>>> print(open('entry.csv').read())   # CSV, C-alpha atoms
chain,number,residue,atom,x,y,z
K,1,MET,CA,218.6,104.3,21.9
K,2,ASN,CA,215.7,103.8,24.3
K,3,THR,CA,212.7,101.6,23.6
K,4,THR,CA,210.3,104.6,23.1
K,5,ARG,CA,212.5,106.2,20.5
K,6,PHE,CA,213.1,102.9,18.7
K,7,THR,CA,209.4,102.3,18.5
K,8,LEU,CA,208.7,105.8,17.1
K,9,LEU,CA,211.4,105.3,14.5
K,10,LEU,CA,209.8,102.0,13.4
K,11,ILE,CA,206.4,103.6,13.1
K,12,ALA,CA,207.9,106.5,11.0
K,13,LEU,CA,209.6,104.1,8.7
K,14,ALA,CA,206.5,102.0,8.2
K,15,GLY,CA,204.6,105.2,7.3
K,16,CYS,CA,207.2,106.1,4.7
K,17,SER,CA,207.1,102.6,3.3
K,18,GLN,CA,203.3,102.6,3.1
K,19,SER,CA,203.3,106.1,1.4
K,20,THR,CA,205.9,104.9,-1.2
K,21,GLU,CA,203.9,101.7,-1.8
K,22,ARG,CA,200.7,103.7,-2.1
K,23,THR,CA,202.3,106.0,-4.7
K,24,GLU,CA,203.9,103.1,-6.7
K,25,ARG,CA,200.6,101.1,-6.8
K,26,ALA,CA,198.0,103.9,-6.8
K,27,ASP,CA,196.7,102.6,-10.1
K,28,ARG,CA,196.1,99.2,-8.7
K,29,LEU,CA,194.5,100.0,-5.3
K,30,ILE,CA,190.8,100.1,-4.6
K,31,ASN,CA,189.7,101.9,-1.4
K,32,THR,CA,186.4,100.1,-1.0
K,33,PHE,CA,186.4,96.7,0.5
K,34,GLU,CA,184.6,94.3,2.7
K,35,PRO,CA,185.8,94.6,6.3
K,36,GLY,CA,186.3,91.3,8.0
K,37,ALA,CA,187.5,89.6,4.9
K,38,GLY,CA,188.8,86.1,5.7
K,39,PRO,CA,192.4,85.2,6.1
K,40,VAL,CA,194.8,84.5,3.3
K,41,LEU,CA,194.4,81.1,1.7
K,42,VAL,CA,197.5,79.5,0.2
K,43,ARG,CA,197.1,75.8,-0.5
K,44,ASN,CA,199.8,73.3,-1.1
K,45,VAL,CA,198.7,71.0,-3.9
K,46,ALA,CA,200.2,67.8,-5.3
K,47,GLY,CA,203.7,68.7,-6.4
K,48,GLY,CA,204.5,70.7,-3.4
K,49,PHE,CA,204.3,74.3,-4.7
K,50,PRO,CA,202.0,76.9,-3.2
K,51,VAL,CA,199.0,78.1,-5.2
K,52,LEU,CA,197.1,81.3,-4.7
K,53,HIS,CA,193.4,80.9,-5.4
K,54,TYR,CA,191.9,83.9,-7.1
K,55,ARG,CA,188.4,82.6,-7.6
K,56,SER,CA,185.3,83.3,-5.5
K,57,ASP,CA,184.0,79.8,-6.4
K,58,THR,CA,186.6,78.5,-4.0
K,59,LEU,CA,186.9,81.6,-1.8
K,60,THR,CA,183.4,82.6,-0.8
K,61,TRP,CA,184.8,85.8,0.8
K,62,THR,CA,186.3,87.3,-2.3
K,63,ASP,CA,184.3,90.1,-3.9
K,64,THR,CA,184.3,88.9,-7.5
K,65,THR,CA,184.6,85.9,-9.9
K,66,SER,CA,186.6,87.8,-12.5
K,67,ARG,CA,190.1,86.6,-13.1
K,68,GLY,CA,192.5,89.5,-12.6
K,69,ASP,CA,189.8,91.6,-10.8
K,70,THR,CA,189.8,92.5,-7.1
K,71,SER,CA,190.3,89.6,-4.6
K,72,PHE,CA,190.9,89.8,-0.8
K,73,LEU,CA,193.8,87.5,0.0
K,74,SER,CA,194.9,89.3,3.1
K,75,ARG,CA,192.9,91.0,5.8
K,76,GLY,CA,192.4,94.8,5.1
K,77,ARG,CA,193.9,95.0,1.6
K,78,ALA,CA,192.2,95.0,-1.8
K,79,ILE,CA,194.1,95.0,-5.0
K,80,THR,CA,193.7,94.6,-8.8
K,81,THR,CA,195.7,92.2,-11.0
K,82,VAL,CA,197.9,91.3,-8.0
K,83,ALA,CA,197.6,89.1,-4.9
K,84,VAL,CA,198.9,89.9,-1.5
K,85,VAL,CA,200.1,87.2,0.8
K,86,THR,CA,200.6,87.5,4.6
K,87,ASP,CA,204.3,88.6,4.3
K,88,SER,CA,203.1,91.5,2.0
K,89,GLN,CA,204.8,90.1,-1.1
K,90,TRP,CA,203.2,91.5,-4.2
K,91,ILE,CA,202.6,89.0,-7.0
K,92,ALA,CA,201.6,90.3,-10.4
K,93,VAL,CA,199.2,88.3,-12.5
K,94,THR,CA,199.9,89.1,-16.1
K,95,LEU,CA,196.9,89.2,-18.2
K,96,PRO,CA,197.2,87.7,-21.7
K,97,VAL,CA,198.0,89.8,-24.8
K,98,LEU,CA,194.9,90.1,-26.9
K,99,SER,CA,195.4,90.3,-30.7
K,100,THR,CA,192.5,91.1,-32.9
K,101,GLY,CA,190.3,88.4,-34.4
K,102,VAL,CA,188.9,85.1,-33.3
K,103,PRO,CA,191.3,82.2,-34.0
K,104,PHE,CA,190.2,79.2,-36.1
K,105,GLY,CA,191.9,75.8,-36.4
K,106,LEU,CA,191.4,72.1,-36.7
K,107,PHE,CA,191.8,69.1,-34.5
K,108,GLY,CA,194.8,66.9,-35.2
K,109,VAL,CA,196.9,69.1,-37.4
K,110,TRP,CA,200.2,68.2,-35.8
K,111,ASP,CA,202.7,65.8,-37.3
K,112,GLY,CA,205.1,65.5,-34.4
K,113,THR,CA,206.1,69.1,-33.8
K,114,GLU,CA,205.3,70.4,-37.3
K,115,LEU,CA,202.0,71.1,-39.0
K,116,GLN,CA,200.4,68.8,-41.5
K,117,PRO,CA,200.2,70.0,-45.1
K,118,GLY,CA,197.6,72.7,-45.5
K,119,ALA,CA,197.2,73.5,-41.8
K,120,GLU,CA,199.4,76.6,-42.2
K,121,LEU,CA,196.4,78.3,-43.7
K,122,LEU,CA,194.7,78.4,-40.3
K,123,THR,CA,195.4,80.5,-37.2
K,124,MET,CA,195.0,78.0,-34.4
K,125,THR,CA,195.6,74.3,-33.5
K,126,TYR,CA,193.5,72.2,-31.1
K,127,GLY,CA,194.6,68.9,-29.8
K,128,SER,CA,196.0,66.5,-27.3
K,129,GLU,CA,199.4,67.2,-25.8
K,130,THR,CA,202.2,65.3,-24.1
K,131,PRO,CA,205.1,66.6,-21.9
K,132,ALA,CA,207.5,65.5,-24.7
K,133,THR,CA,205.8,67.7,-27.4
K,134,LEU,CA,204.4,70.7,-25.7
K,135,LEU,CA,207.5,72.9,-25.5
K,136,ALA,CA,208.4,72.4,-29.1
K,137,ARG,CA,204.8,73.0,-30.3
K,138,ILE,CA,204.7,76.2,-28.3
K,139,ALA,CA,207.9,77.3,-30.0
K,140,THR,CA,206.5,76.4,-33.4
K,141,ALA,CA,203.3,78.3,-32.7
K,142,ARG,CA,205.3,81.3,-31.6
K,143,ARG,CA,207.3,81.2,-34.8
K,144,LEU,CA,204.3,80.9,-37.0
K,145,GLY,CA,202.0,83.3,-35.1
K,146,LEU,CA,199.5,80.6,-34.2
K,147,LYS,CA,197.2,80.2,-31.2
K,148,LEU,CA,197.0,76.9,-29.2
K,149,VAL,CA,194.2,75.2,-27.5
K,150,ILE,CA,195.6,72.0,-25.9
K,151,ALA,CA,194.3,69.0,-24.1
K,152,MET,CA,196.9,67.8,-21.6
K,153,THR,CA,194.7,65.0,-20.6
K,154,GLY,CA,193.6,64.1,-24.1
K,155,ALA,CA,194.1,61.1,-26.4
K,156,ALA,CA,192.3,57.7,-25.9
K,157,ARG,CA,189.7,57.5,-23.2
K,158,ALA,CA,191.1,54.1,-22.3
K,159,ASN,CA,194.1,55.9,-20.7
K,160,TYR,CA,191.7,57.2,-18.0
K,161,LEU,CA,189.4,54.2,-17.4
K,162,THR,CA,189.4,51.3,-15.0
K,163,SER,CA,186.9,48.5,-15.7
K,164,GLY,CA,185.3,50.9,-18.2
K,165,VAL,CA,184.7,53.7,-15.7
K,166,PHE,CA,186.6,57.1,-15.4
K,167,ASP,CA,189.5,56.8,-12.9
K,168,MET,CA,190.5,60.1,-11.3
K,169,THR,CA,193.8,58.7,-10.2
K,170,LYS,CA,194.8,57.9,-13.8
K,171,TRP,CA,193.6,61.4,-14.9
K,172,LYS,CA,195.7,63.1,-12.2
K,173,ALA,CA,198.7,61.0,-13.0
K,174,ARG,CA,198.6,62.2,-16.6
K,175,MET,CA,198.1,65.8,-15.4
K,176,ASN,CA,201.0,65.5,-12.9
K,177,SER,CA,203.3,64.5,-15.8
K,178,PHE,CA,203.1,68.2,-16.9
K,179,ASN,CA,204.0,69.5,-13.5
K,180,THR,CA,207.7,70.4,-14.1
K,181,PRO,CA,209.4,73.8,-13.7
K,182,ALA,CA,210.2,73.9,-17.4
K,183,ILE,CA,206.6,73.3,-18.5
K,184,ARG,CA,205.1,75.6,-15.9
K,185,SER,CA,207.4,78.4,-17.0
K,186,ALA,CA,206.8,77.8,-20.7
K,187,VAL,CA,203.0,77.7,-20.2
K,188,ALA,CA,203.0,80.9,-18.2
K,189,ALA,CA,205.0,82.6,-20.9
K,190,ALA,CA,202.8,81.4,-23.7
K,191,VAL,CA,199.7,82.5,-21.9
K,192,SER,CA,201.1,85.9,-21.2
K,193,GLU,CA,202.0,86.3,-24.9
K,194,GLY,CA,198.5,85.3,-26.1
K,195,ILE,CA,199.8,82.1,-27.7
K,196,LEU,CA,198.3,79.5,-25.4
K,197,ILE,CA,194.6,80.3,-25.0
K,198,GLY,CA,193.1,77.3,-23.3
K,199,ASN,CA,193.4,73.7,-22.0
K,200,SER,CA,190.5,71.3,-22.3
K,201,VAL,CA,190.3,68.9,-19.3
K,202,MET,CA,187.9,66.4,-20.9
K,203,ASP,CA,186.2,65.5,-24.1
K,204,GLU,CA,182.5,64.8,-24.0
K,205,PRO,CA,182.2,64.0,-20.2
K,206,PHE,CA,178.6,63.1,-20.5
K,207,ASN,CA,179.1,60.4,-23.1
K,208,ASP,CA,178.0,57.1,-21.5
K,209,GLY,CA,178.3,55.1,-24.7
K,210,GLY,CA,175.6,53.3,-26.5
K,211,PRO,CA,175.3,50.8,-29.4
K,212,GLY,CA,178.3,51.4,-31.6
K,213,ASN,CA,179.7,54.1,-29.4
K,214,GLU,CA,181.0,52.1,-26.4
K,215,GLY,CA,184.6,53.2,-27.0
K,216,ASN,CA,183.6,56.9,-26.2
K,217,SER,CA,182.0,56.2,-22.8
K,218,TRP,CA,183.4,57.5,-19.5
K,219,GLY,CA,181.2,55.0,-17.6
K,220,PRO,CA,177.5,54.6,-16.7
K,221,ALA,CA,175.2,57.6,-16.8
K,222,GLY,CA,176.0,59.9,-13.9
K,223,THR,CA,179.7,59.0,-13.8
K,224,MET,CA,180.6,62.6,-14.8
K,225,THR,CA,178.8,65.7,-13.6
K,226,LYS,CA,179.6,69.3,-14.0
K,227,ALA,CA,180.8,69.4,-10.4
K,228,ARG,CA,183.2,66.6,-11.1
K,229,VAL,CA,184.5,68.3,-14.2
K,230,ASP,CA,184.9,71.5,-12.2
K,231,SER,CA,187.2,69.5,-9.9
K,232,LEU,CA,189.3,68.7,-13.0
K,233,CYS,CA,189.5,72.3,-14.0
K,234,GLY,CA,190.5,73.2,-10.5
K,235,TYR,CA,193.2,70.6,-10.3
K,236,ALA,CA,194.7,71.8,-13.6
K,237,ARG,CA,194.5,75.4,-12.6
K,238,ALA,CA,196.4,74.7,-9.4
K,239,MET,CA,199.4,73.8,-11.7
K,240,PHE,CA,198.8,76.5,-14.3
K,241,PRO,CA,197.0,79.4,-12.6
K,242,THR,CA,196.9,81.7,-15.6
K,243,LEU,CA,195.8,79.1,-18.2
K,244,PRO,CA,192.1,79.1,-18.9
K,245,GLN,CA,190.6,75.6,-18.3
K,246,GLY,CA,187.6,74.3,-20.2
K,247,VAL,CA,185.7,71.3,-21.4
K,248,PHE,CA,184.4,70.0,-24.8
K,249,HIS,CA,180.7,69.0,-24.9
K,250,ASP,CA,177.4,70.1,-26.4
K,251,TYR,CA,176.0,73.0,-24.4
K,252,ARG,CA,172.6,71.3,-24.0
K,253,LEU,CA,173.9,68.5,-21.9
K,254,ALA,CA,173.5,68.7,-18.1
K,255,GLY,CA,171.8,72.1,-18.6
K,256,ASP,CA,170.2,71.9,-15.2
K,257,SER,CA,173.5,72.3,-13.5
K,258,ALA,CA,176.3,74.9,-13.9
K,259,TYR,CA,180.1,75.1,-14.0
K,260,ARG,CA,181.6,77.2,-11.2
K,261,VAL,CA,185.3,76.7,-11.9
K,262,CYS,CA,185.8,75.8,-15.5
K,263,ASP,CA,186.4,78.9,-17.7
K,264,PHE,CA,184.9,77.8,-21.0
K,265,ILE,CA,182.9,75.1,-22.9
K,266,THR,CA,183.4,74.2,-26.5
K,267,SER,CA,180.1,73.1,-28.1
K,268,GLN,CA,180.2,71.3,-31.4
K,269,TYR,CA,177.6,71.8,-34.2
K,270,ARG,CA,176.4,69.4,-36.9
K,271,ILE,CA,173.6,70.1,-39.3
K,272,ALA,CA,171.3,67.5,-37.6
K,273,LYS,CA,171.3,69.8,-34.5
K,274,GLY,CA,169.1,72.3,-36.4
K,275,SER,CA,169.3,76.0,-37.1
K,276,LEU,CA,172.8,77.5,-36.8
K,277,THR,CA,171.5,80.7,-35.2
K,278,ASP,CA,169.3,78.8,-32.7
K,279,TYR,CA,172.3,76.7,-31.8
K,280,ARG,CA,174.5,79.7,-31.3
K,281,ASP,CA,171.9,81.7,-29.3
K,282,GLY,CA,171.2,78.7,-27.0
K,283,ALA,CA,174.9,78.3,-26.3
K,284,LEU,CA,175.4,82.0,-25.6
K,285,ALA,CA,172.4,82.0,-23.3
K,286,LEU,CA,173.8,79.2,-21.2
K,287,CYS,CA,177.3,80.8,-21.1
K,288,ARG,CA,175.8,84.1,-19.9
K,289,ARG,CA,173.7,82.3,-17.3
K,290,ASP,CA,176.7,80.4,-15.9
K,291,ARG,CA,179.2,83.1,-16.4
K,292,HIS,CA,181.7,81.1,-18.4
K,293,ALA,CA,183.0,81.7,-21.9
K,294,CYS,CA,181.7,80.1,-25.1
K,295,SER,CA,183.7,78.6,-27.9
K,296,PHE,CA,182.5,76.5,-30.8
K,297,ALA,CA,183.4,73.6,-33.0
K,298,ILE,CA,182.0,72.3,-36.3
K,299,ASN,CA,182.1,68.7,-37.3
K,300,ILE,CA,183.3,69.0,-40.9
K,301,LEU,CA,183.8,65.2,-41.4
K,302,ASP,CA,180.6,63.9,-39.8
K,303,GLY,CA,178.4,67.0,-39.5
K,304,GLY,CA,176.8,67.3,-42.9
K,305,ILE,CA,173.3,66.2,-43.8
K,306,PRO,CA,173.2,62.6,-42.7
K,307,ALA,CA,172.2,59.7,-45.0
K,308,LYS,CA,168.7,58.4,-44.8
K,309,ARG,CA,168.7,55.1,-42.9
K,310,SER,CA,166.6,52.3,-44.3
K,311,PRO,CA,165.2,49.7,-41.9
K,312,GLY,CA,168.0,47.4,-40.9
K,313,GLN,CA,170.6,49.4,-42.8
K,314,SER,CA,174.0,49.6,-41.0
K,315,ASN,CA,176.4,50.7,-43.7
K,316,TYR,CA,176.5,53.1,-46.6
K,317,ALA,CA,174.5,52.2,-49.8
K,318,VAL,CA,175.0,53.5,-53.3
K,319,GLY,CA,173.8,57.1,-53.5
K,320,ASP,CA,174.2,57.9,-49.8
K,321,CYS,CA,175.9,61.3,-49.1
K,322,PRO,CA,175.4,62.7,-52.6
K,323,LEU,CA,177.9,65.5,-53.5
K,324,SER,CA,175.0,67.7,-54.5
K,325,THR,CA,174.1,68.2,-50.9
K,326,THR,CA,177.0,66.9,-48.8
K,327,GLY,CA,180.8,66.7,-48.9
K,328,GLY,CA,180.7,62.9,-49.3
K,329,ARG,CA,180.7,60.0,-46.9
K,330,GLY,CA,181.7,60.6,-43.3
K,331,THR,CA,183.9,58.5,-41.0
K,332,TYR,CA,181.0,56.2,-40.2
K,333,PHE,CA,177.4,55.5,-41.2
K,334,PRO,CA,175.1,57.4,-41.5
K,335,ASN,CA,177.2,60.5,-41.3
K,336,CYS,CA,178.2,62.7,-44.2
K,337,ARG,CA,180.8,65.4,-44.6
K,338,MET,CA,179.9,69.1,-44.8
K,339,THR,CA,180.0,70.9,-48.1
K,340,ALA,CA,182.3,73.9,-48.5
K,341,GLN,CA,179.2,76.3,-48.2
K,342,GLN,CA,178.1,74.5,-45.0
K,343,VAL,CA,181.6,75.0,-43.5
K,344,ARG,CA,181.5,78.7,-44.6
K,345,ASP,CA,178.1,79.3,-43.0
K,346,ALA,CA,178.8,77.5,-39.8
K,347,GLY,CA,182.2,78.9,-39.4
K,348,ARG,CA,181.1,82.5,-39.8
K,349,ILE,CA,178.0,82.3,-37.6
K,350,LEU,CA,179.5,80.3,-34.8
K,351,GLY,CA,183.0,81.5,-34.9
K,352,SER,CA,182.0,85.1,-34.6
K,353,ALA,CA,180.2,84.4,-31.3
K,354,GLY,CA,182.9,82.6,-29.4
K,355,CYS,CA,186.5,83.0,-28.1
K,356,PHE,CA,187.8,80.5,-30.6
K,357,LEU,CA,186.5,78.2,-33.4
K,358,THR,CA,187.7,74.7,-34.0
K,359,ALA,CA,186.6,71.8,-36.3
K,360,TRP,CA,186.8,68.1,-36.1
K,361,ARG,CA,189.2,67.1,-37.6
K,362,TYR,CA,192.2,67.4,-40.0
K,363,ASP,CA,191.8,65.2,-43.1
K,364,SER,CA,194.2,65.6,-45.9
K,365,ALA,CA,191.6,65.1,-48.7
K,366,PHE,CA,189.2,67.5,-47.1
K,367,VAL,CA,191.9,70.2,-46.4
K,368,SER,CA,193.4,69.9,-49.9
K,369,SER,CA,190.1,70.5,-51.7
K,370,PRO,CA,190.2,74.0,-53.3
K,371,ASP,CA,186.6,74.6,-52.5
K,372,ASN,CA,187.2,73.8,-48.8
K,373,GLN,CA,190.3,75.9,-48.7
K,374,GLN,CA,188.4,78.9,-50.0
K,375,ALA,CA,185.7,78.2,-47.4
K,376,PHE,CA,188.4,78.3,-44.7
K,377,ARG,CA,189.8,81.5,-46.1
K,378,ASP,CA,186.3,83.1,-46.1
K,379,VAL,CA,185.8,82.1,-42.4
K,380,LEU,CA,189.2,83.4,-41.5
K,381,THR,CA,188.5,86.7,-43.2
K,382,THR,CA,185.2,87.1,-41.2
K,383,LEU,CA,186.8,86.1,-37.9
K,384,ALA,CA,189.8,88.4,-38.4
K,385,ALA,CA,187.5,91.4,-38.3
K,386,ARG,CA,185.9,90.3,-35.0
K,387,PRO,CA,187.1,91.7,-31.6
K,388,ALA,CA,189.3,89.2,-29.7
K,389,ALA,CA,188.0,87.6,-26.5
K,390,VAL,CA,189.6,85.6,-23.8
K,391,CYS,CA,188.2,82.2,-22.8
K,392,ILE,CA,187.8,83.0,-19.1
K,393,ARG,CA,184.9,83.3,-16.7
K,394,THR,CA,183.2,86.7,-16.2
>>> encode(input="entry.csv", output="structure tokens")
Amino acid sequence: MNTTRFTLLLIALAGCSQSTERTERADRLINTFEPGAGPVLVRNVAGGFPVLHYRSDTLTWTDTTSRGDTSFLSRGRAITTVAVVTDSQWIAVTLPVLSTGVPFGLFGVWDGTELQPGAELLTMTYGSETPATLLARIATARRLGLKLVIAMTGAARANYLTSGVFDMTKWKARMNSFNTPAIRSAVAAAVSEGILIGNSVMDEPFNDGGPGNEGNSWGPAGTMTKARVDSLCGYARAMFPTLPQGVFHDYRLAGDSAYRVCDFITSQYRIAKGSLTDYRDGALALCRRDRHACSFAINILDGGIPAKRSPGQSNYAVGDCPLSTTGGRGTYFPNCRMTAQQVRDAGRILGSAGCFLTAWRYDSAFVSSPDNQQAFRDVLTTLAARPAAVCIRT
């Protein structure tokens, strides 16, 4: 066969292939795109596996910030819910299954790989994870129909500090311990099934300590910024591309800056912070401005009406945290627990506005109270009627 005929045959075969490909993927193709889109970007990260970056906060030449929406990863092609690499391999990005309702659960409900007594009433768990427990807890959640929000880099702050200051090397070492084929596969499956709905990369990053609160500090003021927290979200996403990455802190902190990578924030309410509706609306306004999702927490053990502090008083006195207006003494002075009605009100108002609701934290006495159990049920009933939402950027 001469060269001319061979060339014509190749052209004809390519045309057939493109026609077949166009037919098979017609529902995923978009015929408008930006000419001159930049080259494919595939980065090798720690661990040695390639990661496709879908986000316009890291690829300025993509046309959207929406996960699963259209991104240009190869010159001249635009697709939805898939990525194209330079060898024209199609990689599907499975969007999570959405069940109805907003999930609600407490911090610290796990006893090993099983739930603490009373926690089976709720629809979600929130808490620190280890490589040794994660797979078993995913299996338990699947069996019980629970949602999971995890913190792969959770537990004591001391694990991530050097001389009292946040140490990125220690944080990455903990994150890298989850970077195994078995865990990556299990996480991807749990996300696609709608079981695993988020990972929190840090708790209260802007906490710089203070009298009586030194153990919760990440270092001097300015140690953590939203840009630095964004780098944590990006690092975690490189290992788990489909898992939403977020952070836990009050929405009012560092409000003059914005997250560009993190998918969600979890903002915790206590009565001392004022009106529930004002708190909700302020958080939602920030989330809309910065295009990340909102989730909420309520502090059931320390978020009730606080005790009145007398001059020089440093501990509870007789009569503090009366049961007529509070749920009793909190975990430290001057905090008091929420009443069942306060839990009910906060849960309904805040939970209905976010992608999930959590509460700090599991306490056997609080959970076993019939009044509190009824409050939980009332919150769950309200949230079950709400439309489900995913905790990802828009």
>>> residues_around(input="entry.csv", residues="region 349-356 of chain K", least_positions_apart="5", cutoff="6 Å", atoms="all atoms listed in the file", output="list in words")
Val102, Pro103, Cys294, Ser295, Leu383, Ala389, Val390 and Cys391 of chain K
>>> atom_distance(input="entry.csv", atom1="CA of Arg174 (chain K)", atom2="CA of Thr113 (chain K)")
20.0 Å
>>> closest_residue(input="entry.csv", among="K:Leu253, K:Ala227, K:Asn199, K:Val379", to="Arg348 (chain K)", atoms="all atoms listed in the file")
K:Val379
>>> closest_atom_pairs(input="entry.csv", of="region 164-219 of chain K", to="region 138-150 of chain K", cutoff="10 Å", atoms="all atoms listed in the file", output="JSON lines")
{"residue": "K:Ala186", "atom": "CA", "partner": "K:Ile138", "partner_atom": "CA", "distance": 8.0}
{"residue": "K:Val187", "atom": "CA", "partner": "K:Ile138", "partner_atom": "CA", "distance": 8.4}
{"residue": "K:Ala189", "atom": "CA", "partner": "K:Ile138", "partner_atom": "CA", "distance": 9.8}
{"residue": "K:Ala190", "atom": "CA", "partner": "K:Ile138", "partner_atom": "CA", "distance": 7.2}
{"residue": "K:Val191", "atom": "CA", "partner": "K:Leu148", "partner_atom": "CA", "distance": 9.6}
{"residue": "K:Glu193", "atom": "CA", "partner": "K:Arg142", "partner_atom": "CA", "distance": 9.0}
{"residue": "K:Gly194", "atom": "CA", "partner": "K:Lys147", "partner_atom": "CA", "distance": 7.3}
{"residue": "K:Ile195", "atom": "CA", "partner": "K:Lys147", "partner_atom": "CA", "distance": 4.8}
{"residue": "K:Leu196", "atom": "CA", "partner": "K:Leu148", "partner_atom": "CA", "distance": 4.8}
{"residue": "K:Ile197", "atom": "CA", "partner": "K:Val149", "partner_atom": "CA", "distance": 5.7}
{"residue": "K:Gly198", "atom": "CA", "partner": "K:Val149", "partner_atom": "CA", "distance": 4.8}
{"residue": "K:Asn199", "atom": "CA", "partner": "K:Ile150", "partner_atom": "CA", "distance": 4.8}
{"residue": "K:Ser200", "atom": "CA", "partner": "K:Ile150", "partner_atom": "CA", "distance": 6.3}
{"residue": "K:Val201", "atom": "CA", "partner": "K:Ile150", "partner_atom": "CA", "distance": 9.0}
>>> closest_residue(input="entry.csv", among="K:Leu115, K:Ala155, K:Met224, K:Leu357", to="Ala297 (chain K)", atoms="only C-alpha atoms")
K:Leu357
>>> closest_residue(input="entry.csv", among="K:Ser324, K:Ile265, K:Met239, K:Arg157", to="Asn216 (chain K)", atoms="all atoms listed in the file")
K:Arg157
>>> closest_residue(input="entry.csv", among="K:Ala158, K:Ala346, K:Ala359, K:Ala365", to="Phe104 (chain K)", atoms="all atoms listed in the file")
K:Ala359
>>> residues_near_point(input="entry.csv", point="(182.9, 62.6, -21.5)", cutoff="12 Å", atoms="only C-alpha atoms", output="mmCIF file with C-alpha atoms, keeping the file's coordinate frame")
data_model
loop_
_atom_site.group_PDB
_atom_site.id
_atom_site.type_symbol
_atom_site.label_atom_id
_atom_site.label_comp_id
_atom_site.auth_asym_id
_atom_site.auth_seq_id
_atom_site.Cartn_x
_atom_site.Cartn_y
_atom_site.Cartn_z
ATOM 1 C CA GLY K 154 193.600 64.100 -24.100
ATOM 2 C CA ALA K 156 192.300 57.700 -25.900
ATOM 3 C CA ARG K 157 189.700 57.500 -23.200
ATOM 4 C CA ALA K 158 191.100 54.100 -22.300
ATOM 5 C CA TYR K 160 191.700 57.200 -18.000
ATOM 6 C CA LEU K 161 189.400 54.200 -17.400
ATOM 7 C CA VAL K 165 184.700 53.700 -15.700
ATOM 8 C CA PHE K 166 186.600 57.100 -15.400
ATOM 9 C CA SER K 200 190.500 71.300 -22.300
ATOM 10 C CA VAL K 201 190.300 68.900 -19.300
ATOM 11 C CA MET K 202 187.900 66.400 -20.900
ATOM 12 C CA ASP K 203 186.200 65.500 -24.100
ATOM 13 C CA GLU K 204 182.500 64.800 -24.000
ATOM 14 C CA PRO K 205 182.200 64.000 -20.200
ATOM 15 C CA PHE K 206 178.600 63.100 -20.500
ATOM 16 C CA ASN K 207 179.100 60.400 -23.100
ATOM 17 C CA ASP K 208 178.000 57.100 -21.500
ATOM 18 C CA GLY K 209 178.300 55.100 -24.700
ATOM 19 C CA GLU K 214 181.000 52.100 -26.400
ATOM 20 C CA GLY K 215 184.600 53.200 -27.000
ATOM 21 C CA ASN K 216 183.600 56.900 -26.200
ATOM 22 C CA SER K 217 182.000 56.200 -22.800
ATOM 23 C CA TRP K 218 183.400 57.500 -19.500
ATOM 24 C CA GLY K 219 181.200 55.000 -17.600
ATOM 25 C CA PRO K 220 177.500 54.600 -16.700
ATOM 26 C CA ALA K 221 175.200 57.600 -16.800
ATOM 27 C CA GLY K 222 176.000 59.900 -13.900
ATOM 28 C CA THR K 223 179.700 59.000 -13.800
ATOM 29 C CA MET K 224 180.600 62.600 -14.800
ATOM 30 C CA THR K 225 178.800 65.700 -13.600
ATOM 31 C CA LYS K 226 179.600 69.300 -14.000
ATOM 32 C CA ARG K 228 183.200 66.600 -11.100
ATOM 33 C CA VAL K 229 184.500 68.300 -14.200
ATOM 34 C CA VAL K 247 185.700 71.300 -21.400
ATOM 35 C CA PHE K 248 184.400 70.000 -24.800
ATOM 36 C CA HIS K 249 180.700 69.000 -24.900
ATOM 37 C CA ASP K 250 177.400 70.100 -26.400
ATOM 38 C CA LEU K 253 173.900 68.500 -21.900
ATOM 39 C CA ALA K 254 173.500 68.700 -18.100
#
>>> atom_distance(input="entry.csv", atom1="CA of Asp167 (chain K)", atom2="CA of Ile298 (chain K)")
29.1 Å
>>> residues_around(input="entry.csv", residues="Val343 (chain K)", least_positions_apart="5", cutoff="7 Å", atoms="all atoms listed in the file", output="PDB file with C-alpha atoms, keeping the file's coordinate frame")
ATOM      1  CA  ILE K 300     183.300  69.000 -40.900  1.00  0.00           C
ATOM      2  CA  MET K 338     179.900  69.100 -44.800  1.00  0.00           C
ATOM      3  CA  ALA K 375     185.700  78.200 -47.400  1.00  0.00           C
TER       4      ALA K 375
END
>>> atom_distance(input="entry.csv", atom1="CA of Ala317 (chain K)", atom2="CA of Leu106 (chain K)")
29.2 Å
>>> closest_residue(input="entry.csv", among="K:Met152, K:Ile392, K:Leu286, K:Val367", to="Pro244 (chain K)", atoms="all atoms listed in the file")
K:Ile392
>>> closest_residue(input="entry.csv", among="K:Glu114, K:Arg137, K:Arg344, K:Gly127", to="Thr381 (chain K)", atoms="all atoms listed in the file")
K:Arg344
>>> residues_near_point(input="entry.csv", point="(179.6, 67.2, -45.3)", cutoff="7 Å", atoms="all atoms listed in the file", output="list in words")
Ile300, Leu301, Asp302, Gly303, Gly304, Ile305, Thr326, Gly327, Gly328, Cys336, Arg337, Met338 and Thr339 of chain K
